Every structure is written in C-alpha cells, then in structure tokens.
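Below is the file entry-v4.cif, which contains mmCIF, C-alpha atoms.
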data_run
loop_
_atom_site.label_atom_id
_atom_site.label_comp_id
_atom_site.auth_asym_id
_atom_site.auth_seq_id
_atom_site.Cartn_x
_atom_site.Cartn_y
_atom_site.Cartn_z
CA MET A 158 -101.11 256.27 -140.64
CA SER A 159 -104.09 254.35 -139.38
CA ASN A 160 -103.93 252.19 -142.49
CA SER A 161 -100.25 251.30 -142.04
CA LEU A 162 -100.77 250.62 -138.31
CA GLY A 163 -103.69 248.35 -139.15
CA LEU A 164 -101.53 246.49 -141.71
CA LEU A 165 -98.71 246.10 -139.14
CA GLN A 166 -101.15 244.86 -136.52
CA SER A 167 -102.69 242.36 -138.89
CA THR A 168 -99.22 241.12 -139.97
CA MET A 169 -98.06 240.74 -136.37
CA SER A 170 -101.23 238.98 -135.34
CA ARG A 171 -100.63 236.43 -138.11
CA SER A 172 -96.93 236.00 -137.19
CA PRO A 173 -96.40 235.42 -133.43
CA VAL A 174 -92.60 235.76 -133.80
CA LEU A 175 -92.86 239.18 -135.33
CA HIS A 176 -95.40 240.08 -132.70
CA ARG A 177 -93.10 239.11 -129.87
CA LEU A 178 -90.08 240.85 -131.38
CA SER A 179 -91.80 244.06 -132.37
CA LEU A 180 -91.06 247.17 -130.35
CA LEU A 181 -93.94 248.92 -132.08
CA ARG A 182 -96.44 246.68 -130.38
CA PRO A 183 -99.28 248.92 -129.10
CA SER A 184 -100.45 248.28 -125.59
CA THR A 185 -104.09 248.06 -126.67
CA LEU A 186 -103.55 244.90 -128.73
CA VAL A 187 -104.79 241.94 -126.71
CA PRO A 188 -104.91 238.78 -128.85
CA CYS A 189 -107.49 237.00 -126.77
CA ARG A 190 -110.80 237.64 -128.47
CA PHE A 191 -110.80 235.47 -131.57
CA LYS A 192 -108.13 232.79 -131.36
CA GLY A 193 -109.57 230.11 -133.57
CA HIS A 194 -112.73 229.87 -131.51
CA LEU A 195 -114.84 231.99 -129.22
CA LEU A 196 -113.37 232.23 -125.74
CA PRO A 197 -115.20 233.58 -122.66
CA HIS A 198 -114.34 237.19 -122.83
CA ARG A 199 -115.54 240.71 -122.51
CA LYS A 200 -114.55 244.02 -123.86
CA PRO A 201 -111.39 245.32 -122.16
CA ARG A 202 -112.00 247.91 -119.47
CA TRP A 203 -110.21 250.69 -121.26
CA ILE A 204 -112.40 250.48 -124.34
CA PRO A 205 -115.32 252.88 -123.88
CA PRO A 206 -118.97 252.15 -124.83
CA ALA A 207 -119.72 252.22 -128.49
CA LYS A 208 -120.49 255.64 -129.80
CA SER A 209 -123.94 254.54 -130.89
CA LYS A 210 -124.75 253.28 -127.33
CA VAL A 211 -123.22 256.10 -125.30
CA PHE A 212 -126.53 257.86 -124.74
CA VAL A 213 -128.75 254.79 -124.46
CA LEU A 214 -130.29 254.77 -120.93
CA PRO A 215 -130.89 251.59 -118.96
CA PRO A 216 -134.54 250.47 -118.97
CA PRO A 217 -136.50 251.83 -115.98
CA ASP A 218 -137.75 249.43 -113.28
CA HIS A 219 -141.56 249.32 -113.13
CA THR A 220 -141.82 246.71 -110.34
CA PRO A 221 -144.55 247.64 -107.75
CA GLU A 222 -143.35 248.79 -104.31
CA SER A 223 -145.37 246.10 -102.52
CA GLU A 224 -143.68 243.35 -104.47
CA ASN A 225 -140.22 244.62 -103.53
CA THR A 226 -141.29 244.85 -99.90
CA LEU A 227 -142.66 241.31 -99.96
CA MET A 228 -139.45 239.99 -101.48
CA ASN A 229 -137.41 241.78 -98.83
CA GLU A 230 -139.61 240.36 -96.07
CA LEU A 231 -139.24 236.86 -97.47
CA VAL A 232 -135.50 237.20 -97.60
CA VAL A 233 -135.31 238.58 -94.08
CA ASN A 234 -137.58 235.82 -92.73
CA TYR A 235 -135.54 233.19 -94.44
CA ASN A 236 -132.29 234.54 -93.02
CA GLU A 237 -133.76 234.76 -89.50
CA ARG A 238 -134.99 231.17 -89.53
CA LEU A 239 -131.80 229.86 -90.97
CA SER A 240 -129.74 231.70 -88.35
CA GLY A 241 -132.08 230.23 -85.67
CA VAL A 242 -131.41 226.72 -86.91
CA THR A 243 -127.68 227.50 -87.03
CA GLN A 244 -127.73 228.78 -83.46
CA TYR A 245 -129.59 225.67 -82.28
CA LEU A 246 -127.11 223.41 -83.96
CA TYR A 247 -124.19 225.38 -82.52
CA GLU A 248 -125.56 225.08 -78.98
CA ASP A 249 -126.17 221.39 -79.51
CA PHE A 250 -122.59 221.08 -80.72
CA LEU A 251 -121.32 222.90 -77.62
CA ARG A 252 -123.34 220.65 -75.33
CA PHE A 253 -122.53 217.31 -76.86
CA SER A 254 -119.14 217.87 -78.45
CA ASP A 255 -115.79 216.90 -76.91
CA VAL A 256 -115.45 220.27 -75.17
CA GLY A 257 -119.05 220.30 -73.88
CA GLU A 258 -120.28 219.01 -70.50
CA VAL A 259 -121.18 215.54 -71.73
CA GLY A 260 -117.95 215.45 -73.70
CA ARG A 261 -115.93 216.38 -70.62
CA ILE A 262 -117.56 213.63 -68.56
CA GLU A 263 -116.93 211.14 -71.36
CA ALA A 264 -113.35 212.34 -71.70
CA ALA A 265 -112.79 211.92 -67.95
CA LYS A 266 -114.14 208.37 -68.19
CA GLU A 267 -111.94 207.63 -71.16
CA ALA A 268 -108.91 209.11 -69.42
CA GLU A 269 -109.58 206.96 -66.37
CA GLU A 270 -109.85 203.87 -68.55
CA HIS A 271 -106.74 204.89 -70.43
CA ARG A 272 -104.81 205.27 -67.19
CA ALA A 273 -106.01 201.87 -66.04
CA ARG A 274 -104.95 200.30 -69.30
CA VAL A 275 -101.55 202.02 -69.24
CA ALA A 276 -101.01 200.74 -65.72
CA GLU A 277 -101.98 197.24 -66.85
CA ASN A 278 -99.61 197.59 -69.81
CA ASP A 279 -96.82 198.65 -67.48
CA ARG A 280 -97.44 195.68 -65.23
CA GLU A 281 -97.39 193.36 -68.27
CA ASN A 282 -94.19 194.98 -69.51
CA ALA A 283 -92.58 194.55 -66.12
CA ARG A 284 -93.62 190.89 -66.09
CA ILE A 285 -92.19 190.40 -69.58
CA VAL A 286 -88.96 192.15 -68.58
CA GLU A 287 -88.58 189.82 -65.63
CA ALA A 288 -89.30 186.79 -67.79
CA ARG A 289 -86.85 188.04 -70.41
CA LYS A 290 -84.16 188.54 -67.80
CA GLN A 291 -84.62 184.99 -66.59
CA ARG A 292 -84.65 183.68 -70.15
CA MET A 293 -81.55 185.68 -71.10
CA ALA A 294 -79.75 184.43 -68.03
CA GLN A 295 -80.74 180.87 -68.89
CA GLU A 296 -79.63 181.36 -72.49
CA LEU A 297 -76.34 182.82 -71.33
CA GLU A 298 -75.81 179.81 -69.12
CA ASP A 299 -76.60 177.49 -72.02
CA LYS A 300 -74.29 179.44 -74.29
CA LYS A 301 -71.49 179.25 -71.74
CA ARG A 302 -72.06 175.55 -71.29
CA ARG A 303 -72.08 174.95 -75.05
CA ALA A 304 -68.96 177.07 -75.49
CA GLN A 305 -67.24 175.10 -72.76
CA GLU A 306 -68.27 171.84 -74.41
CA ASN A 307 -67.06 173.07 -77.79
CA LEU A 308 -63.82 174.22 -76.24
CA GLU A 309 -63.29 170.86 -74.63
CA ALA A 310 -64.12 169.10 -77.89
CA ILE A 311 -61.69 171.32 -79.76
CA GLN A 312 -59.02 170.75 -77.16
CA THR A 313 -59.58 167.02 -77.34
CA ALA A 314 -59.41 167.10 -81.12
CA ASP A 315 -56.30 169.27 -80.95
CA GLN A 316 -54.64 166.89 -78.55
CA ALA A 317 -55.52 163.98 -80.79
CA ARG A 318 -54.22 165.85 -83.81
CA ILE A 319 -51.00 166.80 -82.02
CA ARG A 320 -50.59 163.21 -80.86
CA ASP A 321 -51.07 161.97 -84.42
CA LEU A 322 -48.64 164.56 -85.72
CA GLU A 323 -46.07 163.63 -83.11
CA GLU A 324 -46.46 159.98 -84.00
CA ARG A 325 -46.09 160.86 -87.66
CA VAL A 326 -43.04 162.99 -86.95
CA GLN A 327 -41.47 160.16 -84.97
CA ARG A 328 -42.30 157.69 -87.72
CA GLU A 329 -40.90 159.97 -90.42
CA THR A 330 -37.85 160.73 -88.34
CA ALA A 331 -37.21 157.05 -87.91
CA ILE A 332 -37.57 156.55 -91.64
CA LEU A 333 -35.37 159.52 -92.43
CA GLN A 334 -32.56 158.06 -90.36
CA ASN A 335 -31.78 156.03 -93.47
CA ALA A 336 -32.39 158.94 -95.88
CA VAL A 337 -29.71 160.11 -98.25
CA THR A 338 -27.76 163.18 -97.14
CA LYS A 339 -24.78 164.95 -98.59
CA GLU A 340 -22.53 163.25 -96.03
CA ASN A 341 -23.52 159.68 -96.81
CA LEU A 342 -24.25 160.25 -100.47
CA ASP A 343 -21.22 158.36 -101.78
CA ALA A 344 -21.86 155.41 -99.49
CA LYS A 345 -25.54 155.25 -100.42
CA ILE A 346 -24.80 155.36 -104.13
CA GLU A 347 -22.19 152.66 -103.81
CA GLU A 348 -24.59 150.57 -101.77
CA ALA A 349 -27.35 151.01 -104.35
CA LEU A 350 -25.08 150.15 -107.26
CA ALA A 351 -23.79 147.12 -105.41
CA ASN A 352 -27.32 145.82 -104.67
CA PRO A 353 -29.58 146.06 -107.70
CA VAL A 354 -33.23 145.39 -106.84
CA ASP A 355 -35.69 143.48 -108.97
CA HIS A 356 -39.42 144.11 -108.57
CA GLU A 357 -40.49 141.86 -111.41
CA TYR A 358 -42.39 138.60 -110.94
CA ALA A 359 -44.50 136.17 -112.87
CA ILE A 360 -47.55 134.13 -111.84
CA ASP A 361 -49.17 130.99 -113.18
CA THR A 362 -52.71 129.62 -113.14
CA GLU A 363 -51.97 127.36 -110.21
CA GLY A 364 -51.38 130.32 -107.91
CA HIS A 365 -47.59 130.31 -107.88
CA ILE A 366 -45.41 133.38 -108.02
CA TYR A 367 -41.90 133.56 -109.47
CA TYR A 368 -39.84 136.54 -108.36
CA GLY A 369 -37.12 137.96 -110.57
CA ARG A 370 -36.90 139.37 -114.03
CA TYR A 371 -34.74 136.59 -115.43
CA THR A 372 -36.23 133.65 -113.49
CA ALA A 373 -37.27 130.79 -115.78
CA SER A 374 -40.49 129.55 -114.19
CA ASN A 375 -40.38 126.12 -115.81
CA ASP A 376 -36.94 125.47 -114.37
CA VAL A 377 -38.03 126.10 -110.76
CA PRO A 378 -38.49 122.77 -108.98
CA GLU A 379 -41.97 121.92 -107.71
CA ASN A 380 -41.02 121.96 -104.07
CA GLN A 381 -39.38 125.40 -104.32
CA ARG A 382 -42.34 127.21 -105.87
CA ILE A 383 -44.02 129.92 -103.77
CA LYS A 384 -47.81 130.15 -103.37
CA ILE A 385 -49.46 133.56 -103.74
CA PRO A 386 -50.90 134.56 -100.38
CA VAL A 387 -54.72 134.66 -100.51
CA PRO A 388 -57.04 136.32 -97.99
CA LYS A 389 -59.27 133.91 -96.11
CA ASN A 390 -62.56 135.68 -96.82
CA GLU A 391 -63.99 138.59 -98.76
CA MET A 392 -64.25 140.99 -95.82
CA ASP A 393 -60.55 140.61 -95.11
CA PHE A 394 -59.86 141.43 -98.73
CA LEU A 395 -62.05 144.55 -98.64
CA THR A 396 -61.01 145.94 -95.29
CA SER A 397 -57.29 145.26 -95.20
CA ASP A 398 -54.25 146.55 -97.02
CA ASP A 399 -52.13 144.40 -99.29
CA ASP A 400 -49.37 144.23 -96.71
CA ALA A 401 -51.83 143.16 -94.04
CA GLN A 402 -53.09 140.38 -96.31
CA LEU A 403 -49.59 139.09 -96.75
CA GLU A 404 -49.03 139.12 -93.00
CA HIS A 405 -52.37 137.43 -92.45
CA GLU A 406 -51.43 134.52 -94.68
CA SER A 407 -47.90 134.18 -93.43
CA MET B 201 -43.88 168.50 -99.79
CA PRO B 202 -45.40 165.74 -101.93
CA GLY B 203 -43.59 162.50 -102.46
CA PHE B 204 -42.30 161.70 -105.90
CA GLU B 205 -40.98 158.59 -107.53
CA LEU B 206 -38.28 159.81 -109.89
CA ASN B 207 -37.56 157.31 -112.64
CA LEU B 208 -34.19 157.81 -114.29
CA ILE B 209 -32.62 156.08 -117.22
CA VAL B 210 -28.89 156.82 -117.38
CA LYS B 211 -26.73 155.79 -120.29
CA THR B 212 -24.05 153.12 -119.99
CA LEU B 213 -21.08 154.56 -118.15
CA ALA B 214 -18.05 153.38 -116.29
CA GLN B 215 -18.59 152.97 -112.55
CA PRO B 216 -16.86 156.24 -111.45
CA ALA B 217 -18.66 158.30 -114.10
CA LEU B 218 -21.97 156.70 -113.16
CA LYS B 219 -21.37 157.52 -109.51
CA ASP B 220 -20.50 161.11 -110.37
CA CYS B 221 -23.59 161.45 -112.53
CA LEU B 222 -25.87 160.06 -109.82
CA LYS B 223 -24.18 162.23 -107.25
CA SER B 224 -24.77 165.38 -109.25
CA LEU B 225 -28.40 164.46 -109.87
CA THR B 226 -29.04 163.76 -106.18
CA THR B 227 -27.24 166.93 -105.16
CA HIS B 228 -29.59 168.95 -107.36
CA ILE B 229 -32.51 167.62 -105.30
CA LEU B 230 -30.76 168.09 -101.95
CA ASP B 231 -29.75 171.66 -102.84
CA ARG B 232 -33.40 172.58 -103.29
CA GLY B 233 -34.44 171.34 -99.87
CA GLY B 234 -35.62 167.99 -101.12
CA ILE B 235 -35.37 164.72 -99.23
CA VAL B 236 -34.06 161.62 -100.96
CA ARG B 237 -35.43 158.68 -99.06
CA GLN B 238 -33.99 155.86 -101.09
CA ILE B 239 -31.94 155.18 -104.17
CA GLU B 240 -32.86 151.99 -105.99
CA PHE B 241 -30.78 150.58 -108.78
CA LEU B 242 -32.77 148.28 -111.06
CA GLY B 243 -29.69 147.16 -112.93
CA HIS B 244 -28.02 147.67 -116.23
CA ARG B 245 -30.56 146.41 -118.71
CA GLN B 246 -31.38 146.17 -122.33
CA CYS B 247 -33.93 148.83 -123.21
CA PRO B 248 -37.36 147.76 -124.49
CA LYS B 249 -36.59 149.84 -127.56
CA LYS B 250 -33.60 151.83 -128.65
CA LEU B 251 -33.60 155.18 -126.96
CA PHE B 252 -32.67 158.22 -129.00
CA SER B 253 -30.98 160.97 -127.04
CA ASN B 254 -28.57 163.76 -127.96
CA GLY B 255 -28.17 162.44 -131.46
CA ASP B 256 -27.27 158.87 -130.46
CA LEU B 257 -29.13 155.60 -130.12
CA PHE B 258 -28.79 153.61 -126.90
CA SER B 259 -29.78 149.97 -126.65
CA HIS B 260 -28.64 149.45 -123.02
CA ALA B 261 -28.99 151.73 -120.01
CA ASN B 262 -28.89 151.94 -116.20
CA TYR B 263 -32.29 152.14 -114.53
CA PHE B 264 -32.74 154.02 -111.26
CA ILE B 265 -35.65 154.89 -109.00
CA LEU B 266 -35.26 157.75 -106.51
CA ASN B 267 -37.89 157.98 -103.78
CA CYS B 268 -37.83 161.62 -102.86
CA ASP B 269 -39.86 164.51 -101.46
CA ILE B 270 -39.68 167.65 -103.58
CA GLN B 271 -41.43 170.97 -103.30
CA GLU B 272 -43.80 171.33 -106.21
CA LYS B 273 -42.29 174.64 -107.30
CA PHE B 274 -38.94 172.93 -107.92
CA VAL B 275 -40.25 170.05 -110.01
CA PHE B 276 -40.02 171.82 -113.35
CA GLU B 277 -36.66 173.29 -112.41
CA LEU B 278 -35.30 169.84 -111.57
CA ALA B 279 -36.75 168.37 -114.74
CA ASP B 280 -34.96 171.10 -116.66
CA GLU B 281 -31.69 170.34 -114.86
CA PHE B 282 -32.01 166.64 -115.60
CA ALA B 283 -32.86 167.33 -119.22
CA ARG B 284 -29.60 169.31 -119.55
CA ASN B 285 -27.58 166.38 -118.20
CA GLN B 286 -26.09 164.59 -121.20
CA ASN B 287 -25.99 161.25 -119.38
CA VAL B 288 -29.70 161.13 -118.59
CA LEU B 289 -31.66 159.49 -121.39
CA ARG B 290 -35.12 159.60 -119.85
CA LYS B 291 -36.61 161.01 -116.66
CA SER B 292 -40.12 161.13 -115.20
CA PHE B 293 -41.62 162.40 -111.96
CA ILE B 294 -44.50 160.34 -110.61
CA GLU B 295 -46.36 161.78 -107.63
CA ILE B 296 -47.06 159.32 -104.84
CA ARG B 297 -50.46 159.93 -103.32
CA PRO B 298 -51.55 158.34 -100.06
CA ARG B 299 -53.92 155.44 -100.51
CA GLU B 300 -57.58 156.44 -100.21
CA PRO B 301 -59.40 154.55 -97.48
CA VAL B 302 -61.77 151.90 -98.78
CA GLU B 303 -65.29 152.06 -97.39
CA CYS B 304 -67.06 148.72 -97.31
CA THR B 305 -70.60 148.99 -98.75
CA LEU B 306 -71.19 145.27 -99.04
CA GLN B 307 -73.87 145.26 -96.34
CA GLU B 308 -75.85 147.91 -98.24
CA GLU B 309 -75.52 146.08 -101.55
CA LEU B 310 -76.77 142.82 -100.03
CA GLN B 311 -80.13 144.35 -99.03
CA ILE B 312 -83.31 143.80 -101.06
CA PRO B 313 -83.56 146.20 -104.01
CA SER B 314 -86.15 148.55 -102.47
CA HIS B 315 -83.95 149.09 -99.42
CA ARG B 316 -80.73 149.69 -101.33
CA PRO B 317 -79.57 153.33 -101.09
CA SER B 318 -78.91 153.51 -104.83
CA VAL B 319 -82.43 152.27 -105.62
CA GLN B 320 -83.99 154.54 -103.02
CA LYS B 321 -82.28 157.48 -104.64
CA MET B 322 -83.84 156.48 -107.97
CA ILE B 323 -87.28 156.13 -106.31
CA TYR B 324 -86.91 159.61 -104.86
CA GLN B 325 -85.97 160.97 -108.26
CA GLY B 326 -89.00 159.27 -109.81
CA ARG B 327 -91.32 160.93 -107.33
CA GLN B 328 -90.07 164.40 -108.13
CA LEU B 329 -92.21 166.68 -110.29
CA PRO B 330 -91.29 166.55 -113.97
CA LYS B 331 -88.71 169.11 -114.92
CA PHE B 332 -90.66 170.40 -117.94
CA LYS B 333 -94.39 170.97 -118.04
CA GLN B 334 -94.81 170.72 -121.79
CA ILE B 335 -93.51 167.50 -123.22
CA TRP B 336 -93.12 167.43 -126.96
CA ASP B 337 -95.44 165.06 -128.79
CA SER B 338 -94.35 163.86 -132.22
CA LYS B 339 -97.97 162.85 -133.14
CA THR B 340 -96.78 159.93 -135.22
CA GLY B 341 -98.46 157.27 -133.09
CA LEU B 342 -95.12 155.51 -132.66
CA ASP B 343 -92.97 154.87 -129.60
CA PHE B 344 -90.00 156.44 -131.35
CA TYR B 345 -89.47 159.38 -133.64
CA PRO B 346 -88.57 158.10 -137.11
CA PHE B 347 -87.27 161.34 -138.61
CA HIS B 348 -84.20 161.93 -136.47
CA LYS B 349 -81.05 162.40 -138.43
#

Starting from the coordinates I provided, produce the structure as structure tokens.
Amino acid sequence: MSNSLGLLQSTMSRSPVLHRLSLLRPSTLVPCRFKGHLLPHRKPRWIPPAKSKVFVLPPPDHTPESENTLMNELVVNYNERLSGVTQYLYEDFLRFSDVGEVGRIEAAKEAEEHRARVAENDRENARIVEARKQRMAQELEDKKRRAQENLEAIQTADQARIRDLEERVQRETAILQNAVTKENLDAKIEEALANPVDHEYAIDTEGHIYYGRYTASNDVPENQRIKIPVPKNEMDFLTSDDDAQLEHES
Amino acid sequence: MPGFELNLIVKTLAQPALKDCLKSLTTHILDRGGIVRQIEFLGHRQCPKKLFSNGDLFSHANYFILNCDIQEKFVFELADEFARNQNVLRKSFIEIRPREPVECTLQEELQIPSHRPSVQKMIYQGRQLPKFKQIWDSKTGLDFYPFHK
C-alpha cells in the first residue's frame, strides 16, 4: 500500500495535470520543498520531530548570572536614555511646532498678514472690476458706433444697388419694348425678311473701310471712301469702349 | 437668364414656308419663357461649302441670327427641338458674356524695372528660402547634365 501510494505520489509530482485532477491527492503533499532549486522553507508544522531527535535535549545555558544581570542593566539603561531623548524631542516639538506657543504666535501673525493681503486683493479686484466696467461700456459704445456705421454703409450700398438695378430694369424695359412677342411675331418676321442685314466689311492699308459683303472696293470712288475712325491717343484706346471710340472720332 | 446668339441656317424655302418655319422656331423659345430681342436676317446666300442634312446636299441657305435670352436648362431641349426640324440645316448657341472691364496698367509698366510690380514679385521670390535643402549634384564638373534621355 505504501509502495503504490509512493508511486502515485511520484507520478503526480512529475505530472502537474494529473496532480491537479487527482481526487486521491493526500493533504500532506506540499510540493514546495524541492522545485528545481532550494527555496526558503521549513518543515511543515504537522510533521513531528525526527524519531532519532525526539529525545535530544536542548543544550543547557552555562552563562554566569552576573553577565545576564549586566546585560539586562545595559539594556534598561539604554532604553531609559533613549526614552529621555524622545521625551525631550517631543516637548521641543510641542513648544516650537505649529500647535505650540511660538507656533500659535507665528500663526496669528501669519493670519493677520493673510487678512491684510486678502483685503488688498479685494481692493485690487474692486478696482479692476470698476475699470472693466468702464472698458466694457466704452467697448459697447464703440461696437454700437461701428454697427451703426456698418449699417449706414450697407444701407448706402443697398440704395446704390437698388438704384443701379432700377436703372438696369428701366434700360432693359426700354429695350424690350422692341422685343419679339407672340402678338407681333408675324410682323417682326416679315420685317426681318424684308430688311436683310449685312455685317461684313473690308479694309485696306490706307485706313479705308468698305461695308457690305458684295461691295467691290476698287469700284468705290475716291471721294466716297470711308476712313476708319482712330482714337486720338493710347489712353483713349485703353480706357474706352469701341463704341465710345467711334463717337469720339465722329 | 444668360443671353445667347442663336445662329440658324435654314434651307431654301418659299416665303410662306420660311415664315412658318421661323415662327415655329421662335415660338419654341417663347414657350419656354425665353425672350427674343431681335431677329436678324443675313440674307439668302451661297454656303461656304455644301451642307449635308437629312440625306440631301444644300448649296444655298437662309442665314438668321436670333438675339435671345434663354434659361440654361432649356438650351439642350431647344437644340433638340431645332435638330428635329427638317428645315434647319445648322444651329449653334453662342453665349454672350458681358465685356470684362479693362484695367489700365500702363503707369506701372512705365516705371523703372526695380519698381515694377512684376519685377518686385520676382525679387521677393528670389529672397525666399530655397524650397529643398539638398540640391542634387551631378559631379560631372559641367553646367549641364549630359546623360539625360
């Protein structure tokens, strides 16, 4: 029985899966002692002393009584002195810390200074508020003035635009008086067919122009030839329309 | 509504048929809210070349110009209508744009070169930092690169 249990334990310790799955796992098996290397460990509490060491007594203490007494005195003296130093430091802390007398006086001074500074801050804030109010009022005035100016400019531009549009409408209306409608369509077509127009012309190197598609330029007499209108200077040519140039010459 | 110059070439017809044809064409425009400002008849002329239309050759034709305002969405529709008309040999819509105002820059061009705006623009460009830090060096010792294809 012990042999088979040992075999099972050794198998399970080699196979962690089997070990986890096994219901036969004894509670005494703690795989912590030799896992590849020596870990800090001790014998589990439930394992008793080895049978060979059960009756081995601890070695007796042969230290002299005077030495123990001396050691105790040294320890006691040390503790007393250290507690004295601790007490001194504690009292010093109470005296000079924030809650001590000096600390309270300092705190009162600081509080007084703090109050003074807060009051000064409040005064400065009030001054800034007043200045801001004035500035905001000024800015509002400026904004209103600018808005009014913009509004006037827009109104002026609108008026100019409306005036231009009205002029254009009048001009177009005047032109459209002669436009073709369904009522006068027959008359307009007859008129057009009766009056064929001819936009063709020819020019020569002497600055003459001969209107008409079928005009023979050589047959036009010298005194009946028409000169091409020429602008007087370059600026007139650049800044005026063709029609204006013609008017200028004529 | 942009202005259009509608050039029409109508085949040789008797006067009543020509009138009817022109009337139907103009009515198409008027029906679609267009405005016909003027009808110009350039005459019955010999064509520059024989025009082929509907399986026939035409050496003479009537030339018309209609000055009209048409909505742009109707232009293709009207072109389609005119193309279906058997009497119309050719048609073309030419948009009339208002003349752009001419700005005189003669005074600028007459200045000395360093004061000319075009030259000053070039000077400004020349003072800019170079666009690329590393400029390729052919290391041939020549002003040009002789191995370009």

Exercise: Ser338 of chain B partners within 12 Å, all atoms listed in the file, chain neighbours under 6 positions left out, as number ranges by chain: B: 344-348

Residues of chain A within 10 Å of chain B, counting all atoms listed in the file, what are they? List them as a PyMOL selection string. chain A and resi 332-339+342-343+345-356+391-392+395-398

Between atom CA of Ala214 of chain B and atom CA of Asn287 of chain B, measure the distance and give it in Å to one decimal.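 Rounded to one decimal, the two atoms are 11.6 Å apart.
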
May I have the residues within 7 Å of segment 358-374 of chain A as a PDB file with C-alpha atoms, in the frame of the given file, using only C-alpha atoms and disregarding those fewer than 3 positions away in the same chain?
ATOM      1  CA  ASP A 355     -35.690 143.480-108.970  1.00  0.00           C
ATOM      2  CA  VAL A 377     -38.030 126.100-110.760  1.00  0.00           C
ATOM      3  CA  ARG A 382     -42.340 127.210-105.870  1.00  0.00           C
ATOM      4  CA  ILE A 383     -44.020 129.920-103.770  1.00  0.00           C
ATOM      5  CA  LYS A 384     -47.810 130.150-103.370  1.00  0.00           C
ATOM      6  CA  ILE A 385     -49.460 133.560-103.740  1.00  0.00           C
TER       7      ILE A 385
END

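One distance worth recording is that between atom CA of Asp337 of chain B and atom CA of Lys321 of chain B, which is 28.5 Å.
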
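Relative to atom CA of Ile296 of chain B, atom CA of Arg245 of chain B is found at 25.1 Å.
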
Which residues, written as a compact mmCIF listing (two decimals) with C-alpha atoms, in the coordinates of the input, have at least one atom at most 8 Å from Ser259 of chain B, with all atoms listed in the file counted and residues fewer than 3 positions away on the same chain left out?
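Everything below was put into out-v3.txt:
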# COMPACT_ATOMS: atom_id res chain seq x y z
CA GLN B 246 -31.38 146.17 -122.33
CA CYS B 247 -33.93 148.83 -123.21
CA LYS B 249 -36.59 149.84 -127.56
CA LYS B 250 -33.60 151.83 -128.65
CA LEU B 251 -33.60 155.18 -126.96

Name the residues that the PyMOL selection byres ((chain B and resi 272) around 12) pulls out of this structure, and write them as a count of residues only. 22

Minimum-distance residue to Glu281 of chain B, chosen among B:Met322, B:Leu310, B:Leu257, B:Leu225 (using all atoms listed in the file): B:Leu225

Please extract segment 243-262 of chain B and write it out with N, CA and C atoms, as a tab-separated table (two decimals), in the first residue's frame.
chain	number	residue	atom	x	y	z
B	243	GLY	N	-29.70	87.15	-95.06
B	243	GLY	CA	-29.90	87.00	-96.49
B	243	GLY	C	-29.86	85.56	-96.94
B	244	HIS	N	-30.29	85.37	-98.14
B	244	HIS	CA	-30.23	84.05	-98.76
B	244	HIS	C	-28.92	83.97	-99.52
B	245	ARG	N	-28.03	83.11	-99.04
B	245	ARG	CA	-26.65	83.14	-99.53
B	245	ARG	C	-26.24	81.78	-100.05
B	246	GLN	N	-25.14	81.83	-100.78
B	246	GLN	CA	-24.48	80.59	-101.13
B	246	GLN	C	-23.65	80.12	-99.92
B	247	CYS	N	-23.72	78.85	-99.62
B	247	CYS	CA	-22.99	78.36	-98.45
B	247	CYS	C	-21.50	78.28	-98.77
B	248	PRO	N	-20.64	78.43	-97.76
B	248	PRO	CA	-19.20	78.28	-97.99
B	248	PRO	C	-18.85	76.89	-98.51
B	249	LYS	N	-19.58	75.90	-98.05
B	249	LYS	CA	-19.45	74.55	-98.62
B	249	LYS	C	-20.83	73.93	-98.62
B	250	LYS	N	-20.97	72.87	-99.39
B	250	LYS	CA	-22.29	72.26	-99.46
B	250	LYS	C	-22.60	71.61	-98.12
B	251	LEU	N	-23.81	71.90	-97.64
B	251	LEU	CA	-24.21	71.38	-96.34
B	251	LEU	C	-25.01	70.10	-96.53
B	252	PHE	N	-24.64	69.10	-95.80
B	252	PHE	CA	-25.34	67.82	-95.87
B	252	PHE	C	-26.31	67.74	-94.70
B	253	SER	N	-27.57	67.53	-95.01
B	253	SER	CA	-28.55	67.43	-93.93
B	253	SER	C	-29.72	66.58	-94.40
B	254	ASN	N	-30.12	65.65	-93.57
B	254	ASN	CA	-31.27	64.78	-93.84
B	254	ASN	C	-31.15	64.09	-95.19
B	255	GLY	N	-29.95	63.70	-95.53
B	255	GLY	CA	-29.77	62.94	-96.76
B	255	GLY	C	-29.69	63.77	-98.01
B	256	ASP	N	-29.65	65.09	-97.91
B	256	ASP	CA	-29.57	65.95	-99.10
B	256	ASP	C	-28.43	66.91	-98.95
B	257	LEU	N	-27.96	67.41	-100.09
B	257	LEU	CA	-26.91	68.43	-100.10
B	257	LEU	C	-27.55	69.77	-100.43
B	258	PHE	N	-27.12	70.81	-99.72
B	258	PHE	CA	-27.69	72.14	-99.94
B	258	PHE	C	-26.55	73.11	-100.23
B	259	SER	N	-26.63	73.79	-101.35
B	259	SER	CA	-25.59	74.74	-101.70
B	259	SER	C	-25.97	76.16	-101.31
B	260	HIS	N	-27.28	76.45	-101.16
B	260	HIS	CA	-27.75	77.77	-100.77
B	260	HIS	C	-28.63	77.63	-99.55
B	261	ALA	N	-28.65	78.68	-98.71
B	261	ALA	CA	-29.48	78.61	-97.50
B	261	ALA	C	-29.76	80.02	-97.00
B	262	ASN	N	-30.76	80.11	-96.09
B	262	ASN	CA	-31.11	81.38	-95.43
B	262	ASN	C	-30.37	81.44	-94.10
